Amino acid sequence: MSDTVPLTVRVQAEPFDVAAETALLTSGRTDIGAVVAFTGLCRGEAGTLAALELEHYPGMAEAEIETTAKTAIERWPLLGVTAIHRHGRIAPGEPIVVVIVTSSHRAAAFAGAEFLMDFLKTRAPFWKKEIASDGTPGNWVAAHDADDEAARRWEA
Amino acid sequence: MRVKYFAWVRERIGLAEEVLDPPAEVVTVGDFVGWLATRDETYAHALERPEVIRVALDQRHAPHGKPIAGAREIALFPPMTGG
C-alpha cells in the first residue's frame with residue numbers, strides 16, 4: 001500500500017513554492033478530499049536575528065524524513081506526502097520547511113502532517129545557528145524538551 | 001572508520017570529518033565517544049557532556065549502547081533543531 005502513495009522528499013537550499021507542490025499532489029485526482037500543508041518560517045525575533053544558518057547531514061537528512069513519511073503513510077490512510085526542508089542561510093520571513101499531506105478526509109491529513117513535523121524536528125539531522133543583527137557571534141539554537149514530548153505522544 | 005561532526009560538535013573539535021581507527025576495546029557507541037574525549041583537550045571539551053551527544057552509525061540514529069562493529073561511518077552531533 002505504502003509503495004503506491006506518492007512521496008516526495010527534498011533537502012535543498014532554494015526556496016519552494018507551496019502552491020506548485022500542492023498542485024503536483026492533487027492535479028488529475030478526484031479522490032482527495034483534504035490537503036493539509038504546514039509551512040515553517042524563520043522568525044525575526046523582534047529584529048535581533050539577521051538570518052538562520054541551517055546545517056544538515058546530507059544523505060541522512062533525506063533518509064530520516066523519508067522513513068518518518070513512510071511511517072505516517074502506514075499509520076494513516078494518506079494519498080500523498082511531500083516534505084521539503086531547506087538548508088543554508090535563511091532570512092526572517094522566509095520558509096524553512098513544508099509538509100503537505102493529502103487524504104480522503106481531514107482527520108488523517110491533519111494527523112499525518114502533525115506527526116511528520118513532530119518527528120522531523122526530533123529525528124532529522126538539521127541544526128540551526130542564529131546570525132545576530134548586531135554582528136555578535138552566532139549561537140546554536142538549543143533543542144526543546146517540548147519537541148521531544150510532542151514526538152513521544154504519538155507512541156501512546 | 002570515517003568520523004563526521006556536525007554543528008557545535010564540529011566547531012569545538014575544529015574538523016568536519018576525519019578517519020580514525022579506534023582500538024579493539026572500543027565496542028559500543030558510548031565507548032567510542034569516551035575514547036574520543038581522551039584524545040586531547042579539544043575533544044575533551046567538545047564531548048564534556050557525553051549524554052547530550054547524539055550518534056549515527058552509517059547514517060542511522062544509534063543509542064550509546066549499540067556496538068559499532070561493522071560501521072563504516074560514525075557521526076557525532078548535538079540534539080537536532082530542524083523544522
# chains A, B, ... in the order shown; residues from 1 in each chain; ligands from 1

call {"tool": "residues_around", "arguments": {"residues": "region 118-130 of chain A", "least_positions_apart": "2", "cutoff": "6 Å", "atoms": "only C-alpha atoms", "output": "PyMOL selection string"}}
result
(chain A and resi 52-57+61+64+115-116+138-141+151) or (chain B and resi 80-83)

call {"tool": "write_last_selection", "arguments": {"atoms": "all heavy atoms", "output": "compact mmCIF listing (two decimals), in the first residue's frame"}}
result
# COMPACT_ATOMS: atom_id res chain seq x y z
N LEU A 52 19.08 32.75 9.86
CA LEU A 52 19.45 31.44 10.41
C LEU A 52 20.36 30.76 9.41
O LEU A 52 20.17 30.88 8.20
CB LEU A 52 18.22 30.54 10.61
CG LEU A 52 17.28 30.87 11.76
CD1 LEU A 52 16.06 29.95 11.68
CD2 LEU A 52 17.98 30.71 13.10
N GLU A 53 21.38 30.05 9.92
CA GLU A 53 22.22 29.22 9.07
C GLU A 53 21.88 27.78 9.41
O GLU A 53 22.09 27.35 10.56
CB GLU A 53 23.70 29.53 9.35
CG GLU A 53 24.67 28.83 8.42
CD GLU A 53 24.67 29.41 7.00
OE1 GLU A 53 24.55 30.64 6.85
OE2 GLU A 53 24.79 28.60 6.06
N LEU A 54 21.31 27.06 8.46
CA LEU A 54 20.90 25.68 8.72
C LEU A 54 21.92 24.70 8.18
O LEU A 54 22.17 24.64 6.98
CB LEU A 54 19.53 25.40 8.10
CG LEU A 54 18.40 25.64 9.09
CD1 LEU A 54 17.66 26.90 8.76
CD2 LEU A 54 17.48 24.45 9.13
N GLU A 55 22.49 23.93 9.11
CA GLU A 55 23.43 22.86 8.73
C GLU A 55 22.65 21.55 8.68
O GLU A 55 21.69 21.35 9.43
CB GLU A 55 24.54 22.79 9.80
CG GLU A 55 25.62 21.75 9.52
CD GLU A 55 26.82 21.91 10.47
OE1 GLU A 55 27.05 23.02 10.98
OE2 GLU A 55 27.50 20.90 10.70
N HIS A 56 23.08 20.64 7.81
CA HIS A 56 22.41 19.33 7.77
C HIS A 56 23.42 18.25 7.45
O HIS A 56 24.57 18.53 7.08
CB HIS A 56 21.26 19.32 6.77
CG HIS A 56 21.68 19.25 5.32
ND1 HIS A 56 22.42 20.24 4.71
CD2 HIS A 56 21.47 18.30 4.38
CE1 HIS A 56 22.64 19.91 3.44
NE2 HIS A 56 22.08 18.73 3.21
N TYR A 57 22.97 17.02 7.63
CA TYR A 57 23.80 15.83 7.35
C TYR A 57 23.30 15.27 6.03
O TYR A 57 22.27 14.59 6.00
CB TYR A 57 23.61 14.83 8.50
CG TYR A 57 24.49 13.59 8.53
CD1 TYR A 57 24.47 12.78 9.66
CD2 TYR A 57 25.32 13.22 7.47
CE1 TYR A 57 25.24 11.63 9.74
CE2 TYR A 57 26.09 12.08 7.55
CZ TYR A 57 26.05 11.29 8.68
OH TYR A 57 26.82 10.14 8.75
N ALA A 61 19.73 13.23 6.27
CA ALA A 61 18.58 14.13 6.42
C ALA A 61 17.42 13.65 5.54
O ALA A 61 16.28 13.49 6.01
CB ALA A 61 18.98 15.56 6.06
N GLU A 64 16.03 10.19 6.89
CA GLU A 64 15.21 10.26 8.09
C GLU A 64 13.81 10.81 7.80
O GLU A 64 12.81 10.33 8.34
CB GLU A 64 15.89 11.12 9.16
CG GLU A 64 16.93 10.38 9.97
CD GLU A 64 16.34 9.25 10.81
OE1 GLU A 64 15.23 9.39 11.33
OE2 GLU A 64 17.00 8.20 10.91
N PHE A 115 2.22 14.64 12.79
CA PHE A 115 3.16 13.55 13.11
C PHE A 115 4.48 13.77 12.38
O PHE A 115 5.57 13.67 12.95
CB PHE A 115 2.51 12.23 12.70
CG PHE A 115 3.42 11.03 12.77
CD1 PHE A 115 3.53 10.29 13.94
CD2 PHE A 115 4.13 10.61 11.64
CE1 PHE A 115 4.35 9.17 13.99
CE2 PHE A 115 4.96 9.49 11.70
CZ PHE A 115 5.07 8.77 12.88
N LEU A 116 4.37 14.06 11.10
CA LEU A 116 5.58 14.24 10.28
C LEU A 116 6.43 15.40 10.81
O LEU A 116 7.65 15.29 10.93
CB LEU A 116 5.13 14.50 8.83
CG LEU A 116 6.12 14.39 7.70
CD1 LEU A 116 6.97 13.14 7.80
CD2 LEU A 116 5.38 14.40 6.37
N GLY A 138 27.31 33.98 16.33
CA GLY A 138 26.03 33.29 16.38
C GLY A 138 25.97 32.20 17.43
O GLY A 138 26.98 31.62 17.80
N ASN A 139 24.76 31.97 17.91
CA ASN A 139 24.51 30.87 18.86
C ASN A 139 23.77 29.74 18.16
O ASN A 139 22.90 29.99 17.33
CB ASN A 139 23.64 31.35 20.02
CG ASN A 139 24.38 32.31 20.93
OD1 ASN A 139 25.55 32.09 21.25
ND2 ASN A 139 23.72 33.38 21.32
N TRP A 140 24.12 28.52 18.54
CA TRP A 140 23.35 27.37 18.07
C TRP A 140 22.04 27.33 18.84
O TRP A 140 22.02 27.48 20.07
CB TRP A 140 24.12 26.07 18.28
CG TRP A 140 25.29 25.99 17.37
CD1 TRP A 140 26.59 26.30 17.65
CD2 TRP A 140 25.28 25.59 15.99
NE1 TRP A 140 27.38 26.13 16.54
CE2 TRP A 140 26.60 25.69 15.51
CE3 TRP A 140 24.27 25.16 15.12
CZ2 TRP A 140 26.94 25.36 14.19
CZ3 TRP A 140 24.62 24.84 13.81
CH2 TRP A 140 25.93 24.95 13.35
N VAL A 141 20.95 27.13 18.12
CA VAL A 141 19.63 27.02 18.76
C VAL A 141 19.61 25.75 19.61
O VAL A 141 20.07 24.70 19.16
CB VAL A 141 18.53 26.99 17.68
CG1 VAL A 141 17.16 26.68 18.29
CG2 VAL A 141 18.50 28.31 16.93
N ALA A 151 6.87 14.63 20.08
CA ALA A 151 7.12 13.42 19.30
C ALA A 151 6.71 12.17 20.07
O ALA A 151 6.15 11.23 19.50
CB ALA A 151 8.61 13.34 18.91
N MET B 80 18.97 17.59 17.53
CA MET B 80 18.61 18.25 16.28
C MET B 80 17.63 19.39 16.51
O MET B 80 16.79 19.34 17.39
CB MET B 80 18.05 17.22 15.32
CG MET B 80 19.14 16.24 14.87
SD MET B 80 18.57 14.55 14.75
CE MET B 80 18.55 14.10 16.47
N THR B 81 17.74 20.42 15.67
CA THR B 81 16.89 21.60 15.81
C THR B 81 16.33 22.05 14.46
O THR B 81 16.22 23.24 14.18
CB THR B 81 17.68 22.76 16.46
OG1 THR B 81 18.87 23.01 15.70
CG2 THR B 81 18.08 22.43 17.88
N GLY B 82 15.98 21.09 13.61
CA GLY B 82 15.39 21.44 12.33
C GLY B 82 13.91 21.74 12.44
O GLY B 82 13.37 21.88 13.54
N GLY B 83 13.25 21.80 11.31
CA GLY B 83 11.82 22.02 11.26
C GLY B 83 11.46 23.50 11.35
O GLY B 83 12.33 24.33 11.48

call {"tool": "residues_around", "arguments": {"residues": "Ile84 (chain A)", "least_positions_apart": "5", "cutoff": "6 Å", "atoms": "only C-alpha atoms", "output": "CSV table (one decimal) with N, CA and C atoms, in the first residue's frame"}}
result
chain,number,residue,atom,x,y,z
A,9,VAL,N,10.5,13.7,-1.1
A,9,VAL,CA,11.3,14.3,0.0
A,9,VAL,C,12.4,15.0,-0.7
A,10,ARG,N,12.6,16.3,-0.3
A,10,ARG,CA,13.8,17.0,-0.9
A,10,ARG,C,14.4,17.9,0.2
A,11,VAL,N,15.7,18.0,0.2
A,11,VAL,CA,16.5,18.9,1.0
A,11,VAL,C,17.3,19.8,0.1
A,97,VAL,N,10.7,25.0,6.0
A,97,VAL,CA,10.2,23.6,5.8
A,97,VAL,C,8.7,23.6,5.4
A,98,VAL,N,8.3,22.7,4.6
A,98,VAL,CA,6.9,22.5,4.3
A,98,VAL,C,6.6,21.0,4.3

call {"tool": "closest_atom_pairs", "arguments": {"of": "chain B", "to": "chain A", "cutoff": "12 Å", "atoms": "only C-alpha atoms", "output": "tab-separated table"}}
result
residue	atom	partner	partner_atom	distance
B:Lys4	CA	A:Tyr57	CA	9.2
B:Tyr5	CA	A:Tyr57	CA	9.3
B:Phe6	CA	A:Tyr57	CA	7.5
B:Ala7	CA	A:Trp127	CA	6.3
B:Trp8	CA	A:Trp140	CA	7.1
B:Val9	CA	A:Trp140	CA	10.7
B:Arg10	CA	A:Glu55	CA	10.8
B:Glu11	CA	A:Trp140	CA	10.6
B:Ala16	CA	A:Tyr57	CA	10.9
B:Glu17	CA	A:Tyr57	CA	11.8
B:Val52	CA	A:Ala143	CA	10.4
B:Arg54	CA	A:Pro125	CA	10.0
B:Val55	CA	A:Pro125	CA	10.5
B:Ala56	CA	A:Met60	CA	8.9
B:Leu57	CA	A:Met60	CA	10.2
B:Asp58	CA	A:Met60	CA	8.6
B:Gln59	CA	A:Met60	CA	5.1
B:Arg60	CA	A:Met60	CA	7.0
B:His61	CA	A:Arg123	CA	8.1
B:Ala62	CA	A:Arg123	CA	11.4
B:Glu73	CA	A:Met60	CA	11.5
B:Ile74	CA	A:Met60	CA	11.7
B:Ala75	CA	A:Tyr57	CA	9.0
B:Leu76	CA	A:Tyr57	CA	10.6
B:Phe77	CA	A:Pro125	CA	8.5
B:Pro78	CA	A:Trp127	CA	8.2
B:Pro79	CA	A:Ala143	CA	6.0
B:Met80	CA	A:Trp127	CA	5.5
B:Thr81	CA	A:Trp127	CA	4.8
B:Gly82	CA	A:Phe126	CA	4.6
B:Gly83	CA	A:Lys121	CA	5.0

call {"tool": "write_last_selection", "arguments": {"atoms": "C-alpha atoms", "output": "short mmCIF file (atom, residue, chain, number, x, y, z; two decimals), in the first residue's frame"}}
result
data_model
loop_
_atom_site.label_atom_id
_atom_site.label_comp_id
_atom_site.auth_asym_id
_atom_site.auth_seq_id
_atom_site.Cartn_x
_atom_site.Cartn_y
_atom_site.Cartn_z
CA LYS B 4 31.86 13.11 10.93
CA TYR B 5 30.99 16.02 13.21
CA PHE B 6 28.14 18.49 12.91
CA ALA B 7 27.02 21.82 14.40
CA TRP B 8 28.75 22.80 17.67
CA VAL B 9 30.47 19.44 17.96
CA ARG B 10 32.15 20.20 14.60
CA GLU B 11 33.05 23.73 15.67
CA ALA B 16 34.09 18.34 9.80
CA GLU B 17 35.41 14.81 9.34
CA VAL B 52 23.87 15.11 25.06
CA ARG B 54 23.78 12.06 19.51
CA VAL B 55 25.38 9.47 17.27
CA ALA B 56 24.56 7.94 13.91
CA LEU B 57 26.12 4.74 12.55
CA ASP B 58 26.09 4.63 8.76
CA GLN B 59 23.56 7.49 8.79
CA ARG B 60 21.08 5.85 11.18
CA HIS B 61 20.46 7.01 14.75
CA ALA B 62 22.26 4.76 17.24
CA GLU B 73 30.78 5.90 9.11
CA ILE B 74 30.05 7.31 12.56
CA ALA B 75 28.68 10.81 13.09
CA LEU B 76 28.56 12.84 16.31
CA PHE B 77 26.22 15.81 16.71
CA PRO B 78 24.07 17.72 19.21
CA PRO B 79 20.29 17.24 19.52
CA MET B 80 18.61 18.25 16.28
CA THR B 81 16.89 21.60 15.81
CA GLY B 82 15.39 21.44 12.33
CA GLY B 83 11.82 22.02 11.26
#

call {"tool": "select_by_dssp", "arguments": {"residues": "region 8-44 of chain A", "states": "helix (DSSP H, G or I)", "output": "MDAnalysis selection string"}}
result
chainID A and resid 18:26

call {"tool": "residues_around", "arguments": {"residues": "Trp76 (chain A)", "least_positions_apart": "3", "cutoff": "7 Å", "atoms": "only C-alpha atoms", "output": "CSV table (one decimal) with N, CA and C atoms, in the first residue's frame"}}
result
chain,number,residue,atom,x,y,z
A,72,ALA,N,4.2,7.5,8.5
A,72,ALA,CA,2.9,8.2,8.5
A,72,ALA,C,2.0,7.5,7.5
A,73,ILE,N,2.5,7.1,6.4
A,73,ILE,CA,1.7,6.5,5.3
A,73,ILE,C,1.2,5.1,5.7
A,108,ALA,N,-7.2,12.4,8.9
A,108,ALA,CA,-5.9,11.7,8.6
A,108,ALA,C,-4.9,12.7,8.1
A,112,GLY,N,-1.5,13.2,10.0
A,112,GLY,CA,-0.3,12.8,9.3
A,112,GLY,C,0.7,14.0,9.2

call {"tool": "residues_around", "arguments": {"residues": "Trp35 (chain B)", "least_positions_apart": "5", "cutoff": "9 Å", "atoms": "only C-alpha atoms", "output": "list in words"}}
result
Pro22, Pro23, Val26 and Gly30 of chain B
